[in-house]
file coords29.cif (mmCIF, C-alpha atoms and all ligand atoms)
data_run
loop_
_atom_site.label_atom_id
_atom_site.label_comp_id
_atom_site.auth_asym_id
_atom_site.auth_seq_id
_atom_site.Cartn_x
_atom_site.Cartn_y
_atom_site.Cartn_z
CA MET Y 777 -63.88 -10.81 -18.30
CA TYR Y 778 -60.54 -9.31 -19.19
CA ASP Y 779 -60.58 -6.66 -16.41
CA LYS Y 780 -60.01 -3.93 -19.01
CA ASN Y 781 -60.53 -1.14 -16.50
CA LYS Y 782 -58.12 -2.51 -13.97
CA ILE Y 783 -55.48 -2.92 -16.65
CA LEU Y 784 -55.96 0.64 -17.89
CA ILE Y 785 -55.73 2.05 -14.36
CA GLY Y 786 -52.64 0.01 -13.74
CA LEU Y 787 -51.06 1.25 -16.98
CA ALA Y 788 -51.88 4.86 -16.13
CA VAL Y 789 -50.31 4.53 -12.70
CA PHE Y 790 -47.24 2.95 -14.29
CA VAL Y 791 -46.84 5.72 -16.90
CA VAL Y 792 -47.30 8.47 -14.32
CA PHE Y 793 -44.80 6.81 -12.03
CA MET Y 794 -42.19 6.31 -14.77
CA THR Y 795 -42.44 9.84 -16.10
CA TYR Y 796 -42.53 11.47 -12.67
CA PRO Y 797 -38.91 12.71 -12.84
CA PHE Y 798 -39.60 14.48 -16.15
CA TRP Y 799 -42.70 16.44 -15.30
CA ASN Y 800 -41.55 17.05 -11.77
CA ASN Y 801 -38.59 18.96 -13.25
CA ILE Y 802 -40.67 21.15 -15.57
CA GLY Y 803 -40.13 24.77 -14.74
CA SER Y 804 -37.11 24.20 -12.48
CA ALA Y 805 -33.85 25.81 -13.47
CA ALA Y 806 -31.57 24.11 -15.96
CA TYR Y 807 -28.26 22.67 -14.78
CA GLN Y 808 -25.72 25.37 -14.25
CA ARG Y 809 -22.02 24.81 -13.98
CA PRO Y 810 -21.09 25.88 -10.45
CA GLU Y 811 -18.65 28.73 -9.92
CA ILE Y 812 -15.55 27.11 -8.50
CA GLU Y 813 -12.80 28.97 -6.75
CA LYS Y 814 -9.74 29.56 -8.92
CA PRO Y 815 -6.30 29.32 -7.35
CA LYS Y 816 -4.81 32.63 -6.31
CA ASN Y 817 -1.18 31.61 -6.50
CA ALA Y 818 -0.99 29.91 -9.90
CA LYS Y 819 -2.04 30.62 -13.49
CA ASP Y 820 -1.61 27.27 -15.24
CA CYS Y 821 -2.74 23.84 -14.24
CA VAL Y 822 -0.74 20.70 -15.04
CA GLU Y 823 -2.84 20.43 -18.20
CA SER Y 824 -5.34 22.65 -20.02
CA VAL Y 825 -8.63 23.54 -18.37
CA GLU Y 826 -10.62 21.56 -20.94
CA PHE Y 827 -8.48 18.48 -20.39
CA MET Y 828 -8.73 18.71 -16.64
CA ARG Y 829 -12.48 19.23 -16.76
CA ALA Y 830 -12.99 16.11 -18.84
CA GLU Y 831 -10.19 13.86 -17.68
CA HIS Y 832 -9.17 14.67 -14.12
CA MET Y 833 -10.80 11.55 -12.73
CA ALA Y 834 -9.04 9.26 -15.20
CA MET Y 835 -5.80 11.12 -14.66
CA LEU Y 836 -5.95 10.80 -10.87
CA ASN Y 837 -6.77 7.14 -11.25
CA ASP Y 838 -3.71 6.65 -13.48
CA TRP Y 839 -1.53 8.66 -11.12
CA ARG Y 840 -2.42 6.48 -8.16
CA ASP Y 841 -1.47 3.27 -9.97
CA GLU Y 842 1.67 4.75 -11.47
CA VAL Y 843 2.86 6.02 -8.09
CA VAL Y 844 1.88 3.13 -5.85
CA ARG Y 845 2.56 0.22 -8.16
CA GLY Y 846 5.16 1.58 -10.54
CA GLY Y 847 7.01 4.01 -8.30
CA GLU Y 848 6.62 6.70 -10.98
CA HIS Y 849 6.27 9.98 -9.15
CA GLU Y 850 6.99 12.57 -11.86
CA TYR Y 851 4.34 13.86 -14.23
CA HIS Y 852 5.54 15.50 -17.43
CA SER Y 853 2.95 18.05 -18.44
CA THR Y 854 2.07 18.08 -22.14
CA ALA Y 855 0.80 21.66 -21.81
CA SER Y 856 3.78 23.35 -20.16
CA HIS Y 857 6.45 20.62 -20.37
CA GLN Y 858 7.07 21.13 -16.69
CA VAL Y 859 7.53 18.26 -14.27
CA PHE Y 860 5.02 17.87 -11.45
CA GLN Y 861 4.74 15.40 -8.63
CA LYS Y 862 1.84 13.00 -9.12
CA SER Y 863 0.16 13.80 -5.86
CA LEU Y 864 -3.31 14.90 -4.88
CA THR Y 865 -2.15 16.61 -1.71
CA LYS Y 866 1.29 17.78 -2.80
CA THR Y 867 0.31 19.07 -6.25
CA CYS Y 868 -3.46 19.60 -6.76
CA ILE Y 869 -4.24 20.87 -3.29
CA LYS Y 870 -1.17 23.13 -3.24
CA CYS Y 871 -3.02 25.40 -5.70
CA HIS Y 872 -6.64 24.51 -5.07
CA GLU Y 873 -6.36 25.06 -1.36
CA ASN Y 874 -10.06 24.97 -0.64
CA LYS Y 875 -11.38 21.52 -1.32
CA ASP Y 876 -14.93 22.54 -0.42
CA GLN Y 877 -14.82 25.50 -2.82
CA PHE Y 878 -13.23 23.47 -5.61
CA CYS Y 879 -13.75 19.69 -5.61
CA ASP Y 880 -16.89 19.59 -3.53
CA LYS Y 881 -18.78 22.30 -5.40
CA CYS Y 882 -18.92 20.35 -8.66
CA HIS Y 883 -19.19 16.96 -7.05
CA ALA Y 884 -22.11 18.07 -4.90
CA THR Y 885 -23.91 19.63 -7.87
CA VAL Y 886 -23.68 16.51 -9.99
CA SER Y 887 -24.16 14.22 -7.01
CA VAL Y 888 -21.01 12.14 -7.24
CA ASN Y 889 -19.17 11.13 -4.11
CA PRO Y 890 -15.58 10.16 -4.82
CA TYR Y 891 -13.94 8.56 -1.81
CA CYS Y 892 -10.50 10.18 -2.25
CA TRP Y 893 -10.83 12.10 0.98
CA ASP Y 894 -11.72 9.08 3.07
CA CYS Y 895 -7.97 8.45 3.12
CA HIS Y 896 -6.21 11.48 1.67
CA VAL Y 897 -6.00 14.35 4.08
CA ASP Y 898 -7.37 17.76 3.20
CA PRO Y 899 -5.02 20.02 5.15
CA LYS Y 900 -7.56 22.81 5.51
CA GLY Y 901 -10.47 20.54 6.31
CA GLU Y 902 -8.60 18.76 9.07
CA LYS Y 903 -8.01 21.97 10.98
CA LYS Y 904 -11.69 22.85 11.17
CA MET X 96 2.81 -56.54 -26.26
CA LYS X 97 3.78 -56.15 -22.67
CA THR X 98 7.16 -54.58 -23.40
CA GLN X 99 5.59 -52.19 -25.88
CA ARG X 100 3.19 -50.96 -23.31
CA ARG X 101 6.06 -50.61 -20.86
CA ASN X 102 8.03 -48.55 -23.38
CA PHE X 103 5.06 -46.39 -24.11
CA LEU X 104 4.62 -45.63 -20.43
CA LYS X 105 8.32 -44.83 -20.09
CA ILE X 106 8.20 -42.40 -22.97
CA ALA X 107 5.03 -40.83 -21.70
CA ALA X 108 6.53 -40.44 -18.24
CA MET X 109 9.69 -38.84 -19.66
CA ALA X 110 7.61 -36.50 -21.76
CA VAL X 111 5.56 -35.42 -18.77
CA LEU X 112 8.73 -34.95 -16.74
CA GLY X 113 10.33 -33.00 -19.54
CA TRP X 114 7.31 -30.76 -19.87
CA GLY X 115 7.29 -30.32 -16.13
CA VAL X 116 10.97 -29.41 -15.98
CA ARG X 117 11.15 -27.03 -18.92
CA PRO X 118 9.02 -24.22 -17.57
CA ALA X 119 10.24 -24.80 -14.02
CA SER X 120 11.61 -21.29 -13.84
CA GLU X 121 8.17 -19.96 -14.72
CA ILE X 122 6.44 -22.24 -12.25
CA LEU X 123 8.78 -21.35 -9.41
CA ALA X 124 8.97 -17.66 -10.04
CA SER X 125 7.21 -15.63 -12.66
CA GLY X 126 8.81 -12.36 -13.65
CA GLY X 127 7.28 -8.97 -14.20
CA GLY X 128 3.84 -7.81 -13.28
CA THR X 129 1.83 -9.42 -16.04
CA ALA X 130 2.60 -13.13 -15.71
CA SER X 131 0.66 -15.28 -13.27
CA GLU X 132 1.94 -15.91 -9.77
CA GLY X 133 4.58 -18.60 -9.31
CA LEU X 134 4.05 -21.58 -7.03
CA LEU X 135 6.96 -20.96 -4.72
CA PHE X 136 7.91 -17.37 -5.35
CA ALA X 137 5.63 -14.49 -6.16
CA SER X 138 6.17 -12.22 -9.13
CA ARG X 139 7.90 -8.90 -8.61
CA HIS X 140 6.88 -5.49 -9.81
CA LYS X 141 9.32 -3.33 -11.71
CA VAL X 142 9.94 0.01 -10.08
CA HIS X 143 10.62 3.14 -11.98
CA VAL X 144 13.49 5.08 -10.49
CA GLY X 145 13.18 8.82 -10.19
CA PRO X 146 16.19 11.15 -10.43
CA ASN X 147 16.47 11.65 -6.66
CA ALA X 148 15.50 8.20 -5.46
CA LEU X 149 17.62 5.95 -3.29
CA THR X 150 17.94 2.59 -5.00
CA ALA X 151 19.09 -0.92 -4.17
CA SER X 152 18.94 -4.36 -5.69
CA ARG X 153 17.69 -5.70 -2.35
CA TRP X 154 16.77 -3.44 0.54
CA ALA X 155 17.35 -4.79 4.04
CA MET X 156 17.41 -3.54 7.60
CA VAL X 157 19.83 -4.44 10.38
CA ILE X 158 18.73 -3.84 13.98
CA ASP X 159 21.45 -3.67 16.62
CA THR X 160 19.62 -4.92 19.71
CA ALA X 161 22.45 -3.72 21.97
CA LYS X 162 21.92 -0.10 20.91
CA LEU X 163 18.17 -0.12 21.51
CA ASN X 164 16.83 1.30 24.75
CA GLU X 165 13.39 2.38 25.89
CA LYS X 166 13.80 5.95 24.75
CA VAL X 167 15.18 5.13 21.31
CA MET X 168 12.44 2.57 20.70
CA GLU X 169 9.76 5.01 21.80
CA ASP X 170 11.14 7.68 19.47
CA ILE X 171 11.26 5.27 16.56
CA VAL X 172 7.69 4.02 17.04
CA HIS X 173 6.39 7.54 17.58
CA THR X 174 8.16 8.90 14.48
CA CYS X 175 6.99 6.13 12.17
CA HIS X 176 3.44 6.20 13.44
CA SER X 177 3.06 9.97 13.36
CA ILE X 178 4.34 10.51 9.81
CA HIS X 179 2.29 7.60 8.49
CA ASN X 180 -0.91 8.52 10.34
CA VAL X 181 -0.96 5.25 12.28
CA PRO X 182 -3.59 5.53 15.01
CA THR X 183 -3.26 4.45 18.62
CA ILE X 184 -6.42 2.54 19.49
CA PRO X 185 -6.92 1.26 23.02
CA GLY X 186 -7.73 -2.42 23.39
CA ASN X 187 -6.89 -5.20 20.97
CA GLN X 188 -7.68 -3.35 17.74
CA ASN X 189 -4.56 -1.21 17.68
CA ILE X 190 -2.64 -0.63 14.46
CA LYS X 191 1.12 -1.25 14.42
CA TRP X 192 3.77 -0.64 11.80
CA ILE X 193 6.74 -1.01 14.14
CA TRP X 194 6.52 -1.98 17.79
CA GLU X 195 8.51 -3.04 20.82
CA THR X 196 8.26 -6.66 21.87
CA HIS X 197 10.02 -9.24 24.08
CA MET X 198 13.02 -11.04 22.66
CA ASP X 199 11.40 -14.42 23.24
CA HIS X 200 8.36 -13.32 21.23
CA LEU X 201 10.64 -12.21 18.44
CA PHE X 202 12.82 -15.31 18.38
CA LEU X 203 10.62 -18.24 19.23
CA GLU X 204 13.23 -20.93 18.58
CA ASP X 205 16.58 -19.29 19.13
CA LEU X 206 16.56 -18.20 22.76
CA HIS X 207 16.86 -20.21 25.94
CA GLU X 208 16.63 -19.43 29.63
CA TYR X 209 20.41 -19.16 30.18
CA GLN X 210 20.97 -16.15 27.96
CA PRO X 211 23.42 -13.59 29.35
CA GLU X 212 21.72 -11.23 31.79
CA ALA X 213 23.14 -8.22 30.00
CA GLY X 214 21.52 -9.12 26.68
CA ALA X 215 18.64 -7.12 25.27
CA LYS X 216 15.27 -7.95 26.84
CA SER X 217 13.19 -6.48 24.07
CA ALA X 218 13.61 -5.18 20.55
CA LEU X 219 11.60 -3.82 17.66
CA ALA X 220 9.42 -5.82 15.31
CA LEU X 221 8.18 -4.73 11.90
CA CYS X 222 7.35 -6.26 8.55
CA ASN X 223 10.40 -8.29 7.47
CA HIS X 224 9.92 -7.59 3.76
CA CYS X 225 10.49 -11.28 3.21
CA ASP X 226 12.22 -12.49 0.08
CA ASN X 227 9.57 -15.18 -0.24
CA PRO X 228 6.55 -13.45 1.27
CA PRO X 229 3.50 -15.63 1.93
CA CYS X 230 1.36 -12.49 2.26
CA VAL X 231 1.98 -11.66 -1.40
CA ARG X 232 1.09 -15.11 -2.65
CA VAL X 233 -2.19 -15.32 -0.76
CA CYS X 234 -3.47 -11.82 -1.56
CA PRO X 235 -6.33 -12.38 -4.04
CA THR X 236 -6.33 -8.80 -5.36
CA LYS X 237 -2.57 -8.26 -5.49
CA ALA X 238 -3.09 -5.33 -3.18
CA THR X 239 0.00 -6.73 -1.50
CA PHE X 240 2.82 -6.98 -3.98
CA GLN X 241 6.57 -7.10 -4.03
CA ARG X 242 8.81 -4.69 -5.84
CA GLU X 243 11.98 -5.72 -7.60
CA ASP X 244 14.04 -4.16 -4.83
CA GLY X 245 12.36 -6.48 -2.32
CA ILE X 246 10.00 -4.03 -0.65
CA VAL X 247 6.66 -5.67 0.11
CA MET X 248 4.19 -2.91 -0.64
CA MET X 249 0.51 -2.46 -0.08
CA ASP X 250 -1.84 -0.72 -2.43
CA PHE X 251 -4.33 0.54 0.13
CA HIS X 252 -6.71 1.49 -2.69
CA ARG X 253 -7.00 -2.09 -3.77
CA CYS X 254 -7.20 -3.95 -0.45
CA ILE X 255 -10.59 -5.55 0.11
CA GLY X 256 -9.93 -6.43 3.73
CA CYS X 257 -10.18 -10.19 3.30
CA ARG X 258 -7.22 -10.57 5.72
CA TYR X 259 -5.71 -13.56 3.92
CA CYS X 260 -2.37 -11.76 4.23
CA MET X 261 -2.75 -11.60 8.00
CA ALA X 262 -3.30 -15.35 8.08
CA GLY X 263 -0.35 -15.81 5.74
CA CYS X 264 2.15 -13.65 7.62
CA PRO X 265 3.79 -15.73 10.36
CA TYR X 266 5.10 -12.62 12.12
CA GLY X 267 1.89 -10.74 12.81
CA SER X 268 3.27 -7.80 10.88
CA ARG X 269 -0.08 -6.62 9.62
CA SER X 270 -2.92 -4.73 11.21
CA PHE X 271 -6.54 -4.53 10.20
CA ASN X 272 -8.64 -1.40 10.56
CA PHE X 273 -11.73 -2.51 12.43
CA MET X 274 -12.89 1.11 12.60
CA ASP X 275 -12.23 4.49 11.02
CA PRO X 276 -8.64 5.21 12.09
CA ARG X 277 -9.11 8.98 11.86
CA LYS X 278 -11.07 9.06 15.09
CA HIS X 279 -7.95 7.90 16.89
CA LEU X 280 -5.45 10.26 15.30
CA GLU X 281 -4.46 13.30 17.32
CA THR X 282 -2.59 14.91 14.45
CA THR X 283 -2.51 14.03 10.77
CA ASN X 284 0.32 14.38 8.32
CA PRO X 285 -1.35 15.76 5.16
CA ASP X 286 1.44 14.35 2.98
CA PHE X 287 0.49 10.77 3.77
CA PRO X 288 -3.00 9.30 3.53
CA THR X 289 -4.81 7.71 6.42
CA ARG X 290 -6.53 4.40 5.83
CA THR X 291 -10.20 3.52 6.15
CA LYS X 292 -12.18 0.90 7.94
CA GLY X 293 -11.75 -2.53 6.35
CA VAL X 294 -8.20 -2.09 5.04
CA VAL X 295 -5.03 -3.86 6.16
CA GLU X 296 -1.80 -1.94 6.65
CA LYS X 297 1.86 -2.41 7.55
CA CYS X 298 5.36 -0.92 7.27
CA GLU X 299 6.41 -0.21 3.68
CA PHE X 300 10.11 0.38 4.33
CA CYS X 301 9.30 4.06 3.78
CA ALA X 302 9.07 3.56 0.01
CA GLU X 303 7.64 7.08 -0.26
CA ARG X 304 10.74 8.52 1.41
CA LEU X 305 13.19 6.42 -0.63
CA ALA X 306 11.57 7.89 -3.75
CA GLU X 307 12.55 11.34 -2.49
CA GLY X 308 16.09 10.30 -1.64
CA LYS X 309 15.49 10.02 2.10
CA MET X 310 16.31 7.12 4.42
CA PRO X 311 13.46 5.47 6.34
CA ALA X 312 12.27 7.65 9.19
CA CYS X 313 12.91 5.01 11.86
CA VAL X 314 16.53 4.68 10.73
CA GLU X 315 17.02 8.45 10.88
CA VAL X 316 15.91 8.75 14.51
CA SER X 317 17.43 5.48 15.73
CA GLU X 318 20.75 6.97 16.92
CA GLY X 319 22.62 4.28 15.03
CA ALA X 320 20.61 1.30 16.25
CA LEU X 321 19.02 0.71 12.85
CA ALA X 322 20.89 0.44 9.57
CA PHE X 323 19.31 0.29 6.14
CA GLY X 324 20.94 -0.56 2.85
CA ASP X 325 21.51 -2.77 -0.14
CA LEU X 326 22.17 -6.47 0.47
CA GLY X 327 23.39 -6.71 -3.10
CA ASP X 328 26.25 -4.28 -2.48
CA PRO X 329 29.18 -5.80 -0.51
CA GLU X 330 30.29 -2.28 0.47
CA SER X 331 26.94 -1.30 2.00
CA GLU X 332 26.59 -0.64 5.71
CA VAL X 333 24.21 -3.56 6.18
CA ARG X 334 26.57 -6.03 4.53
CA LYS X 335 29.49 -4.79 6.64
CA LEU X 336 27.49 -5.13 9.85
CA LEU X 337 26.37 -8.63 8.89
CA ALA X 338 29.97 -9.60 8.13
CA GLU X 339 31.32 -8.22 11.43
CA ARG X 340 28.69 -9.26 13.92
CA PHE X 341 26.57 -12.32 14.69
CA SER X 342 23.04 -11.88 13.44
CA ILE X 343 19.75 -13.77 13.53
CA ARG X 344 16.45 -13.49 11.71
CA ARG X 345 12.93 -14.24 12.87
CA SER X 346 11.79 -17.84 12.27
CA PRO X 347 14.06 -18.44 9.26
CA THR X 348 13.06 -22.11 9.14
CA LEU X 349 9.67 -21.10 7.74
CA GLY X 350 11.37 -20.32 4.45
CA THR X 351 10.05 -16.79 4.18
CA LYS X 352 13.60 -15.38 4.02
CA PRO X 353 13.12 -12.29 6.19
CA CYS X 354 15.23 -9.26 5.28
CA VAL X 355 15.28 -7.67 8.70
CA TYR X 356 18.37 -8.88 10.58
CA TYR X 357 18.99 -8.60 14.31
CA LEU X 358 22.50 -8.21 15.73
CA VAL X 359 22.62 -9.95 19.11
S1 LIG R 1001 6.79 -10.10 7.49
FE1 LIG R 1001 4.72 -10.81 7.03
S2 LIG R 1001 3.78 -9.06 6.03
FE2 LIG R 1001 5.97 -8.71 5.95
S3 LIG R 1001 6.63 -9.58 3.97
FE3 LIG R 1001 6.90 -11.17 5.51
S4 LIG R 1001 5.01 -12.33 5.43
FE4 LIG R 1001 4.58 -10.39 4.41
S1 LIG R 1002 -6.63 -8.00 3.28
FE1 LIG R 1002 -6.06 -6.73 1.54
S2 LIG R 1002 -3.83 -6.94 1.35
FE2 LIG R 1002 -4.56 -8.60 2.69
S3 LIG R 1002 -4.86 -10.35 1.36
FE3 LIG R 1002 -6.85 -9.30 1.47
S4 LIG R 1002 -6.84 -7.83 -0.23
FE4 LIG R 1002 -4.73 -8.54 0.04
S1 LIG R 1003 10.77 1.69 7.48
FE1 LIG R 1003 9.39 3.45 7.54
S2 LIG R 1003 7.37 2.52 7.58
FE2 LIG R 1003 8.79 0.90 8.16
S3 LIG R 1003 8.90 1.00 10.39
FE3 LIG R 1003 10.55 2.29 9.62
S4 LIG R 1003 9.63 4.35 9.57
FE4 LIG R 1003 7.94 2.89 9.71
#

call {"tool": "encode", "arguments": {"input": "coords29.cif", "output": "structure tokens"}}
result
Amino acid sequence: MYDKNKILIGLAVFVVFMTYPFWNNIGSAAYQRPEIEKPKNAKDCVESVEFMRAEHMAMLNDWRDEVVRGGEHEYHSTASHQVFQKSLTKTCIKCHENKDQFCDKCHATVSVNPYCWDCHVDPKGEKK
Amino acid sequence: MKTQRRNFLKIAAMAVLGWGVRPASEILASGGGTASEGLLFASRHKVHVGPNALTASRWAMVIDTAKLNEKVMEDIVHTCHSIHNVPTIPGNQNIKWIWETHMDHLFLEDLHEYQPEAGAKSALALCNHCDNPPCVRVCPTKATFQREDGIVMMDFHRCIGCRYCMAGCPYGSRSFNFMDPRKHLETTNPDFPTRTKGVVEKCEFCAERLAEGKMPACVEVSEGALAFGDLGDPESEVRKLLAERFSIRRSPTLGTKPCVYYLV
């Protein structure tokens, strides 16, 4: 009358389907932070490593608005009190020359695809 | 009874008028970047001035049509387009920041068939960085905005490609990327981004160079045919040229107040 069996089968299929990602991952290696290439020609970044790791996306987002809309091109580092140009290509990529060994390694591992490079030119990448 | 009603209407009408007049300045032009857009004039963005930047209260360009020739114009277009990664696309989807065009296309109302033979046959066209730019008012995302110094800028990050600005601009100063422009670039300048499919672009009066203390690239290679300077400064080169020579602007009757002047 109430199709108990059909409901139970349906529920089982649903539970298996929903939990598939969990048990499919059992036994596979845990997430490991990828080894990124460190710059050879510089010791300090515009800010501390921890700050850059956590905030670089917000910082780049702020930089783009400050430069394009406010005309503010200078960045005053709180770590070293030096002045840098707010520029992906003129500042970041000057040190981290290999985009594929730096940006892409992390982004590929965590599966995010920022579209910075759809417009900004990676000097090394373009030559390939 | 009748007169009372009449008086009431009078007072009401005066009140409405008064309310309408008081914030007129705000309705006509709203200042700063936060207020809403004005009806007649768009708001202007404050620009921070770096230590090396060239500054002006109102940037303008003066083009001496007599000093332009094929070679100079070719150099200018090539220089601008190569440093700004402007592609050359065959067919009708080409991108232009500055281009050569016939005088009668430039000046629809001002020329007639009995012009002196020796006069210039063609000259350069670019965004006029209008004082009252329709492109800024129609842009729904404010991707197109005007700076305090008059430069009409584009935030390529923010443009959604709706092309209202292209409909708004009476000079055809804007180009739309129908396809990925990178496929049509022979060389790229890594210091300037390219654009992507679905984004509008145009001349920005070399705002990125002004910030570094450099004159616009087209002015530098123009062999004196192009002058760039501050309209607000009576001693500036542009003001002197405008005082000495006869000059015209493109379709001034439209009320856009173009800030590119042509010496004829
Ligand atoms: S010329 Fe066209 S694009 Fe340039 S400011 Fe004027 S209306 Fe806008
Ligand atoms: S195409 Fe881009 S710049 Fe033009 S009006 Fe639309 S959003 Fe604004
Ligand atoms: S001012 Fe700069 S962007 Fe505009 S046409 Fe000249 S070189 Fe090109």

call {"tool": "closest_atom_pairs", "arguments": {"input": "coords29.cif", "of": "chain X", "to": "ligand LIG 1003 (chain R)", "cutoff": "12 Å", "atoms": "all atoms listed in the file", "output": "Markdown table"}}
result
| residue | atom | partner | partner_atom | distance |
| --- | --- | --- | --- | --- |
| X:Trp154 | CA | R:LIG1003 | S1 | 10.5 |
| X:Ala155 | CA | R:LIG1003 | S1 | 9.9 |
| X:Met156 | CA | R:LIG1003 | S1 | 8.5 |
| X:Val157 | CA | R:LIG1003 | S1 | 11.3 |
| X:Ile158 | CA | R:LIG1003 | FE3 | 11.1 |
| X:Met168 | CA | R:LIG1003 | S3 | 11.0 |
| X:Asp170 | CA | R:LIG1003 | S4 | 10.6 |
| X:Ile171 | CA | R:LIG1003 | S4 | 7.2 |
| X:Val172 | CA | R:LIG1003 | S3 | 7.4 |
| X:His173 | CA | R:LIG1003 | S4 | 9.2 |
| X:Thr174 | CA | R:LIG1003 | S4 | 6.9 |
| X:Cys175 | CA | R:LIG1003 | S4 | 4.1 |
| X:His176 | CA | R:LIG1003 | FE4 | 6.7 |
| X:Ser177 | CA | R:LIG1003 | FE4 | 9.3 |
| X:Ile178 | CA | R:LIG1003 | S4 | 8.1 |
| X:His179 | CA | R:LIG1003 | S2 | 7.2 |
| X:Asn180 | CA | R:LIG1003 | FE4 | 10.5 |
| X:Val181 | CA | R:LIG1003 | FE4 | 9.6 |
| X:Lys191 | CA | R:LIG1003 | S3 | 9.0 |
| X:Trp192 | CA | R:LIG1003 | S3 | 5.6 |
| X:Ile193 | CA | R:LIG1003 | S3 | 4.8 |
| X:Trp194 | CA | R:LIG1003 | S3 | 8.3 |
| X:Glu195 | CA | R:LIG1003 | S3 | 11.2 |
| X:Leu219 | CA | R:LIG1003 | S3 | 9.1 |
| X:Ala220 | CA | R:LIG1003 | S3 | 8.4 |
| X:Leu221 | CA | R:LIG1003 | S3 | 6.0 |
| X:Cys222 | CA | R:LIG1003 | FE2 | 7.3 |
| X:Asn223 | CA | R:LIG1003 | FE2 | 9.4 |
| X:His224 | CA | R:LIG1003 | FE2 | 9.6 |
| X:Ile246 | CA | R:LIG1003 | S1 | 10.0 |
| X:Val247 | CA | R:LIG1003 | FE2 | 10.6 |
| X:Met248 | CA | R:LIG1003 | S2 | 10.4 |
| X:Met249 | CA | R:LIG1003 | S2 | 11.4 |
| X:Ser268 | CA | R:LIG1003 | S3 | 10.5 |
| X:Arg269 | CA | R:LIG1003 | FE2 | 11.7 |
| X:Phe287 | CA | R:LIG1003 | S2 | 11.4 |
| X:Glu296 | CA | R:LIG1003 | S2 | 10.2 |
| X:Lys297 | CA | R:LIG1003 | S2 | 7.4 |
| X:Cys298 | CA | R:LIG1003 | FE2 | 4.0 |
| X:Glu299 | CA | R:LIG1003 | S2 | 4.9 |
| X:Phe300 | CA | R:LIG1003 | S1 | 3.5 |
| X:Cys301 | CA | R:LIG1003 | FE1 | 3.8 |
| X:Ala302 | CA | R:LIG1003 | FE1 | 7.5 |
| X:Glu303 | CA | R:LIG1003 | FE1 | 8.8 |
| X:Arg304 | CA | R:LIG1003 | FE1 | 8.1 |
| X:Leu305 | CA | R:LIG1003 | FE1 | 9.5 |
| X:Lys309 | CA | R:LIG1003 | FE1 | 10.5 |
| X:Met310 | CA | R:LIG1003 | S1 | 8.3 |
| X:Pro311 | CA | R:LIG1003 | FE1 | 4.7 |
| X:Ala312 | CA | R:LIG1003 | S4 | 4.2 |
| X:Cys313 | CA | R:LIG1003 | S4 | 4.1 |
| X:Val314 | CA | R:LIG1003 | FE3 | 6.5 |
| X:Glu315 | CA | R:LIG1003 | S4 | 8.6 |
| X:Val316 | CA | R:LIG1003 | S4 | 9.1 |
| X:Ser317 | CA | R:LIG1003 | FE3 | 9.7 |
| X:Leu321 | CA | R:LIG1003 | FE3 | 9.2 |
| X:Ala322 | CA | R:LIG1003 | S1 | 10.4 |
| X:Phe323 | CA | R:LIG1003 | S1 | 8.8 |
| X:Gly324 | CA | R:LIG1003 | S1 | 11.4 |
| X:Val355 | CA | R:LIG1003 | S1 | 10.5 |

call {"tool": "closest_residue", "arguments": {"input": "coords29.cif", "among": "Y:Tyr778, Y:Phe790, Y:Phe878, Y:Tyr891", "to": "chain X", "atoms": "all atoms listed in the file"}}
result
Y:Tyr891

call {"tool": "axis_aligned_box", "arguments": {"input": "coords29.cif", "around": "ligand LIG 1002 (chain R)", "padding_each_side": "6 Å", "output": "lines of an AutoDock Vina configuration file"}}
result
center_x = -5.3
center_y = -8.5
center_z = 1.5
size_x = 15.0
size_y = 15.6
size_z = 15.5

call {"tool": "interface_residues", "arguments": {"input": "coords29.cif", "of": "chain X", "to": "chain Y", "cutoff": "8 Å", "atoms": "only C-alpha atoms", "output": "VMD selection string"}}
result
chain X and resid 140 to 145 250 283 to 291 306

call {"tool": "atom_distance", "arguments": {"input": "coords29.cif", "atom1": "atom CA of Glu169 of chain X", "atom2": "atom S1 of ligand LIG 1001 (chain R)"}}
result
21.0 Å

call {"tool": "atom_distance", "arguments": {"input": "coords29.cif", "atom1": "atom CA of Arg232 of chain X", "atom2": "atom CA of Met274 of chain X"}}
result
26.3 Å

call {"tool": "residues_near_ligand", "arguments": {"input": "coords29.cif", "ligand": "ligand LIG 1002 (chain R)", "cutoff": "12 Å", "atoms": "all atoms listed in the file", "output": "PyMOL selection string"}}
result
chain X and resi 228-241+247-264+268-273+290-297

call {"tool": "atom_distance", "arguments": {"input": "coords29.cif", "atom1": "atom CA of Asn781 of chain Y", "atom2": "atom CA of Asn800 of chain Y"}}
result
26.7 Å

call {"tool": "closest_residue", "arguments": {"input": "coords29.cif", "among": "X:Arg242, X:Arg101, X:Lys166, X:Lys335", "to": "ligand LIG 1001 (chain R)", "atoms": "all atoms listed in the file"}}
result
X:Arg242

call {"tool": "residues_near_point", "arguments": {"input": "coords29.cif", "point": "(-2.6, 24.7, -0.7)", "cutoff": "10 Å", "atoms": "all atoms listed in the file", "output": "compact mmCIF listing (two decimals) with C-alpha atoms, keeping the file's coordinate frame"}}
result
# COMPACT_ATOMS: atom_id res chain seq x y z
CA PRO Y 815 -6.30 29.32 -7.35
CA LYS Y 816 -4.81 32.63 -6.31
CA ASN Y 817 -1.18 31.61 -6.50
CA THR Y 865 -2.15 16.61 -1.71
CA LYS Y 866 1.29 17.78 -2.80
CA THR Y 867 0.31 19.07 -6.25
CA CYS Y 868 -3.46 19.60 -6.76
CA ILE Y 869 -4.24 20.87 -3.29
CA LYS Y 870 -1.17 23.13 -3.24
CA CYS Y 871 -3.02 25.40 -5.70
CA HIS Y 872 -6.64 24.51 -5.07
CA GLU Y 873 -6.36 25.06 -1.36
CA ASN Y 874 -10.06 24.97 -0.64
CA LYS Y 875 -11.38 21.52 -1.32
CA ASP Y 898 -7.37 17.76 3.20
CA PRO Y 899 -5.02 20.02 5.15
CA LYS Y 900 -7.56 22.81 5.51
